[in-house]
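Next comes coords-v7.cif, a file with mmCIF, C-alpha atoms and all ligand atoms.
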data_protein
#
loop_
_atom_site.group_PDB
_atom_site.id
_atom_site.type_symbol
_atom_site.label_atom_id
_atom_site.label_comp_id
_atom_site.auth_asym_id
_atom_site.auth_seq_id
_atom_site.Cartn_x
_atom_site.Cartn_y
_atom_site.Cartn_z
ATOM 1 C CA MET A 1 -9.974 -79.403 8.360
ATOM 2 C CA THR A 2 -10.984 -75.748 8.339
ATOM 3 C CA LEU A 3 -8.818 -72.710 7.772
ATOM 4 C CA GLU A 4 -10.888 -69.619 8.430
ATOM 5 C CA LYS A 5 -8.754 -67.363 10.613
ATOM 6 C CA VAL A 6 -6.185 -64.785 9.694
ATOM 7 C CA VAL A 7 -4.130 -62.658 12.053
ATOM 8 C CA ILE A 8 -3.199 -59.186 10.818
ATOM 9 C CA PRO A 9 -0.740 -57.418 13.141
ATOM 10 C CA VAL A 10 -1.392 -53.670 12.961
ATOM 11 C CA ALA A 11 0.128 -52.475 16.239
ATOM 12 C CA GLY A 12 3.499 -51.390 14.762
ATOM 13 C CA LEU A 13 4.272 -47.684 14.969
ATOM 14 C CA GLY A 14 5.433 -47.304 11.367
ATOM 15 C CA THR A 15 8.632 -45.411 12.206
ATOM 16 C CA ARG A 16 10.042 -46.070 8.705
ATOM 17 C CA MET A 17 7.244 -43.899 7.298
ATOM 18 C CA LEU A 18 7.590 -40.925 9.662
ATOM 19 C CA PRO A 19 6.606 -38.113 9.651
ATOM 20 C CA ALA A 20 3.529 -39.309 7.654
ATOM 21 C CA THR A 21 2.725 -41.819 10.411
ATOM 22 C CA LYS A 22 3.051 -39.481 13.395
ATOM 23 C CA VAL A 23 -0.760 -39.371 13.740
ATOM 24 C CA ILE A 24 -2.034 -41.553 10.871
ATOM 25 C CA PRO A 25 -1.538 -45.339 11.207
ATOM 26 C CA LYS A 26 0.706 -46.602 8.377
ATOM 27 C CA GLU A 27 -2.079 -49.027 7.412
ATOM 28 C CA MET A 28 -4.380 -46.040 6.758
ATOM 29 C CA LEU A 29 -2.065 -44.320 4.246
ATOM 30 C CA PRO A 30 -3.860 -44.331 0.893
ATOM 31 C CA ILE A 31 -2.818 -45.983 -2.341
ATOM 32 C CA ILE A 32 -4.804 -43.721 -4.701
ATOM 33 C CA ASP A 33 -8.263 -43.839 -3.060
ATOM 34 C CA LYS A 34 -8.179 -46.773 -0.639
ATOM 35 C CA PRO A 35 -6.146 -47.183 2.545
ATOM 36 C CA ILE A 36 -3.463 -49.884 2.486
ATOM 37 C CA ILE A 37 -5.391 -52.038 4.991
ATOM 38 C CA GLN A 38 -8.398 -52.220 2.662
ATOM 39 C CA TYR A 39 -6.312 -53.781 -0.136
ATOM 40 C CA VAL A 40 -4.976 -56.322 2.380
ATOM 41 C CA ILE A 41 -8.406 -57.214 3.774
ATOM 42 C CA GLU A 42 -9.814 -57.584 0.251
ATOM 43 C CA GLU A 43 -6.969 -60.029 -0.506
ATOM 44 C CA VAL A 44 -7.729 -62.045 2.631
ATOM 45 C CA ILE A 45 -11.449 -62.237 1.872
ATOM 46 C CA SER A 46 -10.940 -63.211 -1.754
ATOM 47 C CA ALA A 47 -8.609 -66.009 -0.566
ATOM 48 C CA GLY A 48 -11.544 -67.443 1.431
ATOM 49 C CA PHE A 49 -10.797 -66.475 5.062
ATOM 50 C CA LYS A 50 -13.838 -65.803 7.240
ATOM 51 C CA GLU A 51 -12.408 -64.410 10.500
ATOM 52 C CA ILE A 52 -9.963 -61.528 10.670
ATOM 53 C CA ILE A 53 -8.112 -60.928 13.943
ATOM 54 C CA LEU A 54 -6.478 -57.513 14.129
ATOM 55 C CA VAL A 55 -3.691 -57.272 16.705
ATOM 56 C CA THR A 56 -3.874 -53.577 17.332
ATOM 57 C CA HIS A 57 -2.801 -50.617 19.481
ATOM 58 C CA SER A 58 -4.627 -47.729 21.180
ATOM 59 C CA SER A 59 -3.370 -45.301 18.502
ATOM 60 C CA LYS A 60 -4.915 -47.358 15.681
ATOM 61 C CA ASN A 61 -8.668 -46.982 16.238
ATOM 62 C CA SER A 62 -9.155 -45.475 12.788
ATOM 63 C CA ILE A 63 -8.480 -48.921 11.252
ATOM 64 C CA GLU A 64 -11.518 -50.462 12.986
ATOM 65 C CA ASN A 65 -13.551 -47.300 12.319
ATOM 66 C CA HIS A 66 -12.813 -47.606 8.598
ATOM 67 C CA PHE A 67 -14.604 -50.976 8.490
ATOM 68 C CA ASP A 68 -17.511 -49.813 10.667
ATOM 69 C CA THR A 69 -20.780 -48.329 9.365
ATOM 70 C CA SER A 70 -20.777 -44.548 9.023
ATOM 71 C CA PHE A 71 -24.474 -43.554 9.200
ATOM 72 C CA GLU A 72 -23.748 -39.853 8.836
ATOM 73 C CA LEU A 73 -21.688 -40.322 5.676
ATOM 74 C CA GLU A 74 -24.178 -42.811 4.205
ATOM 75 C CA THR A 75 -27.121 -40.448 4.859
ATOM 76 C CA THR A 76 -25.252 -37.537 3.255
ATOM 77 C CA LEU A 77 -24.360 -39.577 0.157
ATOM 78 C CA GLU A 78 -27.960 -40.803 -0.074
ATOM 79 C CA ARG A 79 -29.282 -37.248 0.138
ATOM 80 C CA ARG A 80 -26.853 -36.086 -2.554
ATOM 81 C CA ILE A 81 -27.779 -39.101 -4.751
ATOM 82 C CA LYS A 82 -24.165 -40.279 -5.015
ATOM 83 C CA ARG A 83 -25.223 -43.863 -5.701
ATOM 84 C CA SER A 84 -21.979 -45.556 -6.726
ATOM 85 C CA LEU A 85 -20.000 -43.912 -3.927
ATOM 86 C CA LEU A 86 -22.712 -44.886 -1.443
ATOM 87 C CA ARG A 87 -22.531 -48.503 -2.650
ATOM 88 C CA GLU A 88 -18.752 -48.493 -2.300
ATOM 89 C CA ILE A 89 -18.889 -47.037 1.225
ATOM 90 C CA LYS A 90 -21.582 -49.512 2.316
ATOM 91 C CA ASN A 91 -19.551 -52.445 0.960
ATOM 92 C CA ILE A 92 -16.575 -51.544 3.169
ATOM 93 C CA SER A 93 -18.613 -52.180 6.297
ATOM 94 C CA ARG A 94 -20.480 -55.197 4.896
ATOM 95 C CA LEU A 95 -17.528 -57.525 4.565
ATOM 96 C CA LYS A 96 -18.026 -61.233 4.067
ATOM 97 C CA SER A 97 -15.671 -61.814 7.018
ATOM 98 C CA LYS A 98 -15.980 -60.884 10.685
ATOM 99 C CA ILE A 99 -13.350 -58.610 12.211
ATOM 100 C CA PHE A 100 -12.196 -59.135 15.803
ATOM 101 C CA SER A 101 -9.488 -57.240 17.584
ATOM 102 C CA VAL A 102 -7.078 -57.736 20.415
ATOM 103 C CA ARG A 103 -4.508 -55.292 21.803
ATOM 104 C CA GLN A 104 -0.727 -55.582 21.798
ATOM 105 C CA GLY A 105 0.207 -53.216 24.606
ATOM 106 C CA GLU A 106 3.959 -53.396 24.068
ATOM 107 C CA ALA A 107 5.782 -53.490 20.719
ATOM 108 C CA LYS A 108 7.755 -56.706 21.266
ATOM 109 C CA GLY A 109 7.872 -58.042 17.721
ATOM 110 C CA LEU A 110 5.830 -60.049 15.239
ATOM 111 C CA GLY A 111 5.977 -63.310 17.219
ATOM 112 C CA HIS A 112 4.701 -61.506 20.315
ATOM 113 C CA ALA A 113 1.881 -59.899 18.273
ATOM 114 C CA ILE A 114 0.747 -63.322 17.037
ATOM 115 C CA LEU A 115 0.756 -64.714 20.601
ATOM 116 C CA GLN A 116 -1.744 -61.995 21.632
ATOM 117 C CA ALA A 117 -4.263 -63.617 19.232
ATOM 118 C CA LYS A 118 -3.832 -67.122 20.733
ATOM 119 C CA GLU A 119 -7.208 -67.197 22.521
ATOM 120 C CA LEU A 120 -9.099 -65.989 19.467
ATOM 121 C CA ILE A 121 -7.262 -68.485 17.244
ATOM 122 C CA ASN A 122 -8.701 -71.101 19.616
ATOM 123 C CA GLY A 123 -6.638 -74.148 18.646
ATOM 124 C CA GLU A 124 -7.207 -73.801 14.874
ATOM 125 C CA PRO A 125 -4.690 -73.376 12.060
ATOM 126 C CA PHE A 126 -4.359 -69.755 10.928
ATOM 127 C CA ALA A 127 -2.791 -67.387 8.445
ATOM 128 C CA VAL A 128 -0.671 -64.347 9.221
ATOM 129 C CA VAL A 129 -0.784 -61.464 6.753
ATOM 130 C CA LEU A 130 1.526 -58.477 7.196
ATOM 131 C CA PRO A 131 -0.351 -55.309 6.277
ATOM 132 C CA ASP A 132 2.599 -53.316 4.979
ATOM 133 C CA ARG A 133 2.977 -55.757 2.077
ATOM 134 C CA VAL A 134 0.442 -55.098 -0.696
ATOM 135 C CA MET A 135 -0.049 -57.289 -3.753
ATOM 136 C CA ASN A 136 0.186 -55.603 -7.137
ATOM 137 C CA ASN A 137 -2.753 -56.840 -9.132
ATOM 138 C CA SER A 138 -1.982 -55.135 -12.383
ATOM 139 C CA LYS A 139 -0.265 -57.956 -14.300
ATOM 140 C CA PHE A 140 -1.613 -61.074 -12.643
ATOM 141 C CA ASN A 141 -4.353 -61.533 -10.142
ATOM 142 C CA SER A 142 -1.752 -61.642 -7.357
ATOM 143 C CA LYS A 143 -4.564 -61.522 -4.809
ATOM 144 C CA LYS A 144 -6.001 -64.828 -5.985
ATOM 145 C CA ASP A 145 -2.734 -66.364 -7.095
ATOM 146 C CA ASN A 146 -0.815 -66.165 -3.840
ATOM 147 C CA LEU A 147 -2.766 -66.350 -0.556
ATOM 148 C CA ALA A 148 -5.639 -68.318 -2.131
ATOM 149 C CA TYR A 149 -3.127 -70.815 -3.586
ATOM 150 C CA MET A 150 -1.421 -71.152 -0.186
ATOM 151 C CA ARG A 151 -4.788 -71.748 1.497
ATOM 152 C CA LYS A 152 -5.711 -74.462 -1.025
ATOM 153 C CA THR A 153 -2.311 -76.130 -0.617
ATOM 154 C CA PHE A 154 -2.592 -76.089 3.198
ATOM 155 C CA LEU A 155 -6.073 -77.601 3.065
ATOM 156 C CA LYS A 156 -4.729 -80.382 0.820
ATOM 157 C CA ASN A 157 -1.654 -81.429 2.830
ATOM 158 C CA ASN A 158 -2.092 -79.767 6.242
ATOM 159 C CA SER A 159 1.482 -78.401 6.438
ATOM 160 C CA SER A 160 2.510 -74.833 7.189
ATOM 161 C CA ILE A 161 3.374 -72.779 4.121
ATOM 162 C CA LEU A 162 5.226 -69.481 3.561
ATOM 163 C CA LEU A 163 5.286 -67.187 0.555
ATOM 164 C CA LEU A 164 8.808 -66.264 -0.593
ATOM 165 C CA GLU A 165 10.259 -63.965 -3.224
ATOM 166 C CA LYS A 166 13.767 -63.796 -4.643
ATOM 167 C CA VAL A 167 15.329 -60.472 -3.600
ATOM 168 C CA PRO A 168 18.569 -58.789 -4.687
ATOM 169 C CA ALA A 169 21.556 -59.625 -2.428
ATOM 170 C CA LYS A 170 21.645 -56.050 -1.093
ATOM 171 C CA ASP A 171 18.116 -56.526 0.340
ATOM 172 C CA VAL A 172 18.576 -59.802 2.268
ATOM 173 C CA SER A 173 19.228 -57.896 5.508
ATOM 174 C CA LYS A 174 15.665 -56.473 5.399
ATOM 175 C CA TYR A 175 13.821 -59.801 5.487
ATOM 176 C CA GLY A 176 13.505 -63.324 6.898
ATOM 177 C CA ILE A 177 15.656 -65.463 4.541
ATOM 178 C CA ALA A 178 15.061 -69.205 4.074
ATOM 179 C CA ARG A 179 17.338 -72.141 3.287
ATOM 180 C CA LEU A 180 15.323 -74.441 1.027
ATOM 181 C CA GLU A 181 15.531 -78.134 0.188
ATOM 182 C CA LYS A 182 15.550 -77.156 -3.499
ATOM 183 C CA PRO A 183 15.437 -73.663 -5.066
ATOM 184 C CA LEU A 184 11.988 -72.453 -6.104
ATOM 185 C CA LYS A 185 11.876 -71.811 -9.847
ATOM 186 C CA SER A 186 8.267 -70.858 -10.441
ATOM 187 C CA HIS A 187 4.987 -70.121 -8.728
ATOM 188 C CA GLY A 188 2.971 -73.251 -8.099
ATOM 189 C CA THR A 189 6.001 -75.289 -7.036
ATOM 190 C CA ILE A 190 6.693 -76.161 -3.411
ATOM 191 C CA SER A 191 9.910 -76.706 -1.501
ATOM 192 C CA LYS A 192 10.612 -77.584 2.128
ATOM 193 C CA ILE A 193 12.206 -75.009 4.421
ATOM 194 C CA ILE A 194 15.339 -76.364 6.087
ATOM 195 C CA ASP A 195 16.242 -73.211 8.034
ATOM 196 C CA ILE A 196 15.354 -69.526 8.190
ATOM 197 C CA HIS A 197 17.172 -66.432 9.518
ATOM 198 C CA GLU A 198 15.767 -63.029 10.378
ATOM 199 C CA LYS A 199 17.506 -60.177 8.532
ATOM 200 C CA PRO A 200 20.910 -61.837 7.980
ATOM 201 C CA SER A 201 23.955 -60.040 6.589
ATOM 202 C CA ILE A 202 24.760 -60.743 2.912
ATOM 203 C CA ALA A 203 27.638 -62.962 4.071
ATOM 204 C CA LYS A 204 25.435 -65.074 6.347
ATOM 205 C CA ALA A 205 22.275 -65.235 4.204
ATOM 206 C CA PRO A 206 21.425 -68.869 3.356
ATOM 207 C CA SER A 207 19.791 -67.840 0.021
ATOM 208 C CA ARG A 208 18.044 -64.895 -1.560
ATOM 209 C CA PHE A 209 14.536 -66.266 -0.856
ATOM 210 C CA ALA A 210 12.804 -63.763 1.456
ATOM 211 C CA ALA A 211 9.562 -64.092 3.432
ATOM 212 C CA VAL A 212 6.982 -61.806 1.830
ATOM 213 C CA GLY A 213 4.662 -61.520 4.845
ATOM 214 C CA ARG A 214 2.111 -64.215 3.953
ATOM 215 C CA TYR A 215 2.200 -67.290 6.192
ATOM 216 C CA ILE A 216 -0.157 -70.189 6.952
ATOM 217 C CA PHE A 217 0.571 -72.090 10.138
ATOM 218 C CA GLU A 218 -0.501 -75.242 11.893
ATOM 219 C CA ASN A 219 -1.741 -74.233 15.345
ATOM 220 C CA LYS A 220 1.250 -75.843 17.059
ATOM 221 C CA ILE A 221 3.567 -73.077 15.775
ATOM 222 C CA LEU A 222 2.257 -71.098 18.779
ATOM 223 C CA ASP A 223 4.187 -73.470 21.084
ATOM 224 C CA PHE A 224 7.389 -72.424 19.322
ATOM 225 C CA ILE A 225 6.974 -68.672 19.851
ATOM 226 C CA SER A 226 8.930 -67.694 22.902
ATOM 227 C CA ASN A 227 7.147 -65.739 25.636
ATOM 228 C CA ASP A 228 10.204 -63.802 26.660
ATOM 229 C CA SER A 229 12.487 -61.689 24.546
ATOM 230 C CA GLU A 230 16.194 -62.226 25.202
ATOM 231 C CA ASP A 231 17.907 -58.947 26.175
ATOM 232 C CA GLY A 232 14.930 -56.871 25.057
ATOM 233 C CA LYS A 233 15.225 -58.158 21.439
ATOM 234 C CA GLU A 234 12.042 -58.522 19.365
ATOM 235 C CA ILE A 235 10.248 -61.890 19.515
ATOM 236 C CA GLU A 236 10.443 -62.976 15.878
ATOM 237 C CA ILE A 237 8.117 -65.395 14.087
ATOM 238 C CA THR A 238 11.187 -66.353 12.023
ATOM 239 C CA ASP A 239 12.823 -67.864 15.151
ATOM 240 C CA ALA A 240 9.668 -69.880 15.869
ATOM 241 C CA ILE A 241 9.654 -71.239 12.274
ATOM 242 C CA LYS A 242 13.363 -72.102 12.599
ATOM 243 C CA ASN A 243 12.786 -74.138 15.785
ATOM 244 C CA PHE A 244 9.594 -75.670 14.355
ATOM 245 C CA VAL A 245 11.466 -77.166 11.367
ATOM 246 C CA ARG A 246 14.552 -78.070 13.443
ATOM 247 C CA GLU A 247 12.307 -80.304 15.551
ATOM 248 C CA GLY A 248 11.233 -82.223 12.444
ATOM 249 C CA ASN A 249 7.978 -80.400 11.630
ATOM 250 C CA ILE A 250 7.282 -79.579 7.999
ATOM 251 C CA SER A 251 7.100 -76.051 6.719
ATOM 252 C CA GLN A 252 6.727 -75.580 2.991
ATOM 253 C CA ALA A 253 7.455 -72.578 0.828
ATOM 254 C CA THR A 254 6.095 -71.334 -2.464
ATOM 255 C CA LEU A 255 7.169 -68.518 -4.768
ATOM 256 C CA LEU A 256 5.373 -65.181 -5.116
ATOM 257 C CA LYS A 257 3.531 -64.679 -8.388
ATOM 258 C CA GLY A 258 3.497 -61.080 -9.558
ATOM 259 C CA GLU A 259 4.791 -58.360 -7.292
ATOM 260 C CA CYS A 260 4.310 -57.438 -3.645
ATOM 261 C CA PHE A 261 5.023 -53.830 -2.619
ATOM 262 C CA ASP A 262 6.808 -53.134 0.667
ATOM 263 C CA CYS A 263 4.613 -50.219 1.741
ATOM 264 C CA GLY A 264 6.458 -50.030 5.070
ATOM 265 C CA SER A 265 9.257 -48.273 3.157
ATOM 266 C CA LYS A 266 8.989 -44.945 1.362
ATOM 267 C CA GLN A 267 10.313 -46.375 -1.927
ATOM 268 C CA GLY A 268 7.943 -49.378 -1.854
ATOM 269 C CA TYR A 269 4.986 -47.149 -0.977
ATOM 270 C CA PHE A 270 5.837 -44.784 -3.830
ATOM 271 C CA ASN A 271 6.070 -47.741 -6.262
ATOM 272 C CA SER A 272 2.670 -48.987 -5.103
ATOM 273 C CA ILE A 273 1.033 -45.647 -5.916
ATOM 274 C CA LEU A 274 2.756 -45.320 -9.283
ATOM 275 C CA LYS A 275 2.014 -48.884 -10.426
ATOM 276 C CA THR A 276 -1.536 -48.919 -9.075
ATOM 277 C CA GLY A 277 -2.138 -45.643 -10.934
ATOM 278 C CA LEU A 278 -0.769 -47.221 -14.118
ATOM 279 C CA SER A 279 -3.083 -50.207 -13.680
ATOM 280 C CA LEU A 280 -6.230 -48.051 -13.556
ATOM 281 C CA PRO A 281 -7.507 -47.145 -17.047
ATOM 282 C CA GLU A 282 -8.816 -43.745 -15.853
ATOM 283 C CA TYR A 283 -5.323 -42.638 -14.717
ATOM 284 C CA LYS A 284 -2.939 -44.572 -16.960
ATOM 285 C CA LYS A 285 -2.786 -42.019 -19.807
ATOM 286 C CA GLU A 286 -2.178 -39.053 -17.483
ATOM 287 C CA VAL A 287 0.457 -40.872 -15.411
ATOM 288 C CA LEU A 288 2.347 -41.938 -18.540
ATOM 289 C CA LYS A 289 2.116 -38.398 -19.930
ATOM 290 C CA SER A 290 3.529 -36.918 -16.685
ATOM 291 C CA LEU A 291 6.395 -39.408 -16.711
ATOM 292 C CA LYS A 292 7.171 -38.631 -20.360
ATOM 293 C CA ASP A 293 7.066 -34.856 -19.765
ATOM 294 C CA HIS A 294 9.403 -35.343 -16.842
HETATM 295 C C1 LIG E 1 8.841 -58.832 8.853
HETATM 296 C C2 LIG E 1 9.395 -60.218 9.155
HETATM 297 C C3 LIG E 1 10.379 -60.644 8.067
HETATM 298 C C4 LIG E 1 9.687 -60.586 6.710
HETATM 299 C C5 LIG E 1 9.138 -59.169 6.461
HETATM 300 C C6 LIG E 1 8.317 -59.126 5.193
HETATM 301 O O1 LIG E 1 9.872 -57.887 8.995
HETATM 302 O O2 LIG E 1 10.003 -60.201 10.431
HETATM 303 O O3 LIG E 1 10.850 -61.937 8.325
HETATM 304 O O4 LIG E 1 10.581 -60.953 5.683
HETATM 305 O O5 LIG E 1 8.300 -58.754 7.544
HETATM 306 O O6 LIG E 1 7.976 -57.828 4.852
HETATM 307 P P1 LIG E 1 9.569 -56.300 9.198
HETATM 308 O O7 LIG E 1 9.364 -55.743 7.816
HETATM 309 O O8 LIG E 1 8.347 -56.193 10.030
HETATM 310 O O9 LIG E 1 10.787 -55.746 9.854
#
How would this structure read if it were set down as structure tokens?
Ligand code: G1P
Amino acid sequence: MTLEKVVIPVAGLGTRMLPATKVIPKEMLPIIDKPIIQYVIEEVISAGFKEIILVTHSSKNSIENHFDTSFELETTLERRIKRSLLREIKNISRLKSKIFSVRQGEAKGLGHAILQAKELINGEPFAVVLPDRVMNNSKFNSKKDNLAYMRKTFLKNNSSILLLEKVPAKDVSKYGIARLEKPLKSHGTISKIIDIHEKPSIAKAPSRFAAVGRYIFENKILDFISNDSEDGKEIEITDAIKNFVREGNISQATLLKGECFDCGSKQGYFNSILKTGLSLPEYKKEVLKSLKDH
């Protein structure tokens, strides 16, 4: 069994982050000195995936350009003897994984985005990583502890697996919320998903366990993603997972270790900058001083 492919849907217009995202793709907004998408791709590579499939949009070319070689920039840095910067820039385009892309012409939801990658997935199992969720690596190595753990678990038992986090009741209506066979108490434990609902009201939420945006699927999940949206509604991956488990297929869940920022929201994006700044020794003192002065 191999598990090499990961689908990263980047076609979304990022309306929650307007006006910043009027021209700049939300995935290209920086957290300190790297765009969001670079953190996400580094996570995917360190988890062991070899093929990245971007499901993209005509307005998002800068994402692919970011991972391409920039001869002009490299020559300038070489001439100015900026060795460490040159190394860093070269490394961005010399990833250990290949990047492919496919277009999602219409914004019809996450399930629809994943279906656009079907040919490139080519019958294999695959991961889906949502690029507006960024792991905070300051306390734990959340990069290694979450997606890499999910990949290992999938390779062991060959069942789909989702990463969940416990959210406050007021936030259940922002996420896919799962009903579990038994509540997840700590990272490293697994529970079966019995049901899952996309953005339920507090009253209807089956739990407070929310999908974080890291999924590993058996290939047959693709048969459960509907081709048509009912009454123009988005085609949700959550609905496909719901039908997948209702038909007796197994989908497991595990609990997030550390913290995962929701950079699709202004508050989450702000937290990611603040906490990443605090995790970097060269900025920590200054950031703490500014907060204290404030
Ligand atoms: C998507 C998924 C949702 C998941 C969330 C994680 O929602 O549809 O189930 O919980 O990502 O961030 P979106 O944030 O794209 O509306």
To test your reading of the syntax: which residues would the PyMOL selection byres (((chain A and resi 279) around 12) and not hetatm) return for the file shown? Reply as a tab-separated table (two decimals) with C-alpha atoms, in the frame of the given file.
chain	number	residue	atom	x	y	z
A	32	ILE	CA	-4.80	-43.72	-4.70
A	136	ASN	CA	0.19	-55.60	-7.14
A	137	ASN	CA	-2.75	-56.84	-9.13
A	138	SER	CA	-1.98	-55.14	-12.38
A	139	LYS	CA	-0.26	-57.96	-14.30
A	140	PHE	CA	-1.61	-61.07	-12.64
A	141	ASN	CA	-4.35	-61.53	-10.14
A	272	SER	CA	2.67	-48.99	-5.10
A	273	ILE	CA	1.03	-45.65	-5.92
A	274	LEU	CA	2.76	-45.32	-9.28
A	275	LYS	CA	2.01	-48.88	-10.43
A	276	THR	CA	-1.54	-48.92	-9.07
A	277	GLY	CA	-2.14	-45.64	-10.93
A	278	LEU	CA	-0.77	-47.22	-14.12
A	280	LEU	CA	-6.23	-48.05	-13.56
A	281	PRO	CA	-7.51	-47.14	-17.05
A	282	GLU	CA	-8.82	-43.74	-15.85
A	283	TYR	CA	-5.32	-42.64	-14.72
A	284	LYS	CA	-2.94	-44.57	-16.96
A	285	LYS	CA	-2.79	-42.02	-19.81
A	286	GLU	CA	-2.18	-39.05	-17.48
A	287	VAL	CA	0.46	-40.87	-15.41
A	288	LEU	CA	2.35	-41.94	-18.54
Could you give me the residues within 6 Å of ligand LIG 1 (chain E), counting all atoms listed in the file, as a PyMOL selection string? chain A and resi 175-176+198+210-213+238
Restricting it to C-alpha atoms, dump the selection as a JSON list (two decimals), in the frame of the given file.
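Ended up saving to selection23.json:
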[["chain", "number", "residue", "atom", "x", "y", "z"],
["A", 175, "TYR", "CA", 13.82, -59.80, 5.49],
["A", 176, "GLY", "CA", 13.50, -63.32, 6.90],
["A", 198, "GLU", "CA", 15.77, -63.03, 10.38],
["A", 210, "ALA", "CA", 12.80, -63.76, 1.46],
["A", 211, "ALA", "CA", 9.56, -64.09, 3.43],
["A", 212, "VAL", "CA", 6.98, -61.81, 1.83],
["A", 213, "GLY", "CA", 4.66, -61.52, 4.84],
["A", 238, "THR", "CA", 11.19, -66.35, 12.02]]
Counting only C-alpha atoms, which residue out of A:Ile81, A:Val55, A:Met1, A:Val245 sits closest to A:His112? A:Val55
Using only C-alpha atoms, find each residue in stretch 125-161 of chain A having at least one atom no more than 12 Å away from stretch 266-271 of chain A; report its shortest atom-to-atom pair and that distance in Å (one decimal), rows by chain then rising number, as CSV.
residue,atom,partner,partner_atom,distance
A:Asp132,CA,A:Tyr269,CA,8.9
A:Arg133,CA,A:Gly268,CA,9.0
A:Val134,CA,A:Tyr269,CA,9.2
A:Met135,CA,A:Gly268,CA,11.4
A:Asn136,CA,A:Asn271,CA,9.9
Output the selection as a PDB file, in the frame of the given file - C-alpha atoms for each residue.
ATOM      1  CA  ASP A 132       2.599 -53.316   4.979  1.00  0.00           C
ATOM      2  CA  ARG A 133       2.977 -55.757   2.077  1.00  0.00           C
ATOM      3  CA  VAL A 134       0.442 -55.098  -0.696  1.00  0.00           C
ATOM      4  CA  MET A 135      -0.049 -57.289  -3.753  1.00  0.00           C
ATOM      5  CA  ASN A 136       0.186 -55.603  -7.137  1.00  0.00           C
TER       6      ASN A 136
END
Counting only C-alpha atoms, find residues at most 12 Å from (-3.8, -48.6, 17.2) (file frame) and give them as a VMD selection string. chain A and resid 9 to 14 21 23 to 28 54 to 65 101 to 107
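Remark: for A:Ala169, the closest of the candidate residues A:Ile31, A:Ser265, A:Val7, A:Pro200 is A:Pro200 (distances computed over only C-alpha atoms).
One finds atom CA of A:Glu4 at 24.7 Å from atom CA of A:Lys34.
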Contacts of A:Leu86 within 10 Å, all atoms listed in the file, excl. fewer than 3 positions in-chain, as a PyMOL selection string: chain A and resi 73-78+80-83+89-91
Would you list the residues near (-3.2, -70.3, 3.4) (no more than 12 Å away, in the coordinates of the file, using all atoms listed in the file) as a ChimeraX atom specification? /A:2-7,43-49,125-129,144-163,213-218,252-254
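In terms of minimum interatomic distance to A:Gly258, A:His187 ranks closest within A:His187, A:Ala205, A:Glu72, A:Ile241, counting only C-alpha atoms.
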What would the selection look like, as number ranges by chain, if the PyMOL selection byres (((chain A and resi 239) around 10) and not hetatm) were run on the coordinates I just shared? A: 111, 176, 195-198, 224-226, 235-238, 240-244
Which distance in Å separates atom CA of A:Arg208 and atom CA of A:Lys192, to one decimal? 15.2 Å
Atom-to-atom span, atom CA of A:Val40 and atom CA of A:Glu259, Å: 13.9 Å
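Compared by their closest atoms to A:Asn227, and using all atoms listed in the file, the residues A:Ile53, A:Ile250, A:Leu115, A:Ile202 rank with A:Leu115 nearest.
With distances restricted to all atoms listed in the file, A:Ser186 is the closest residue to A:Leu256 from A:Ser186, A:Asn219, A:Ser290, A:Ser207.
In terms of minimum interatomic distance to A:Lys257, A:Leu164 ranks closest within A:Ile177, A:Val172, A:Leu164, A:Ile193, counting all atoms listed in the file.
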Expected selection from the PyMOL selection byres (((chain A and resi 92-94) around 8) and not hetatm), given as a list in words: His66, Phe67, Asp68, Thr69, Glu88, Ile89, Lys90, Asn91, Leu95 and Lys96 of chain A
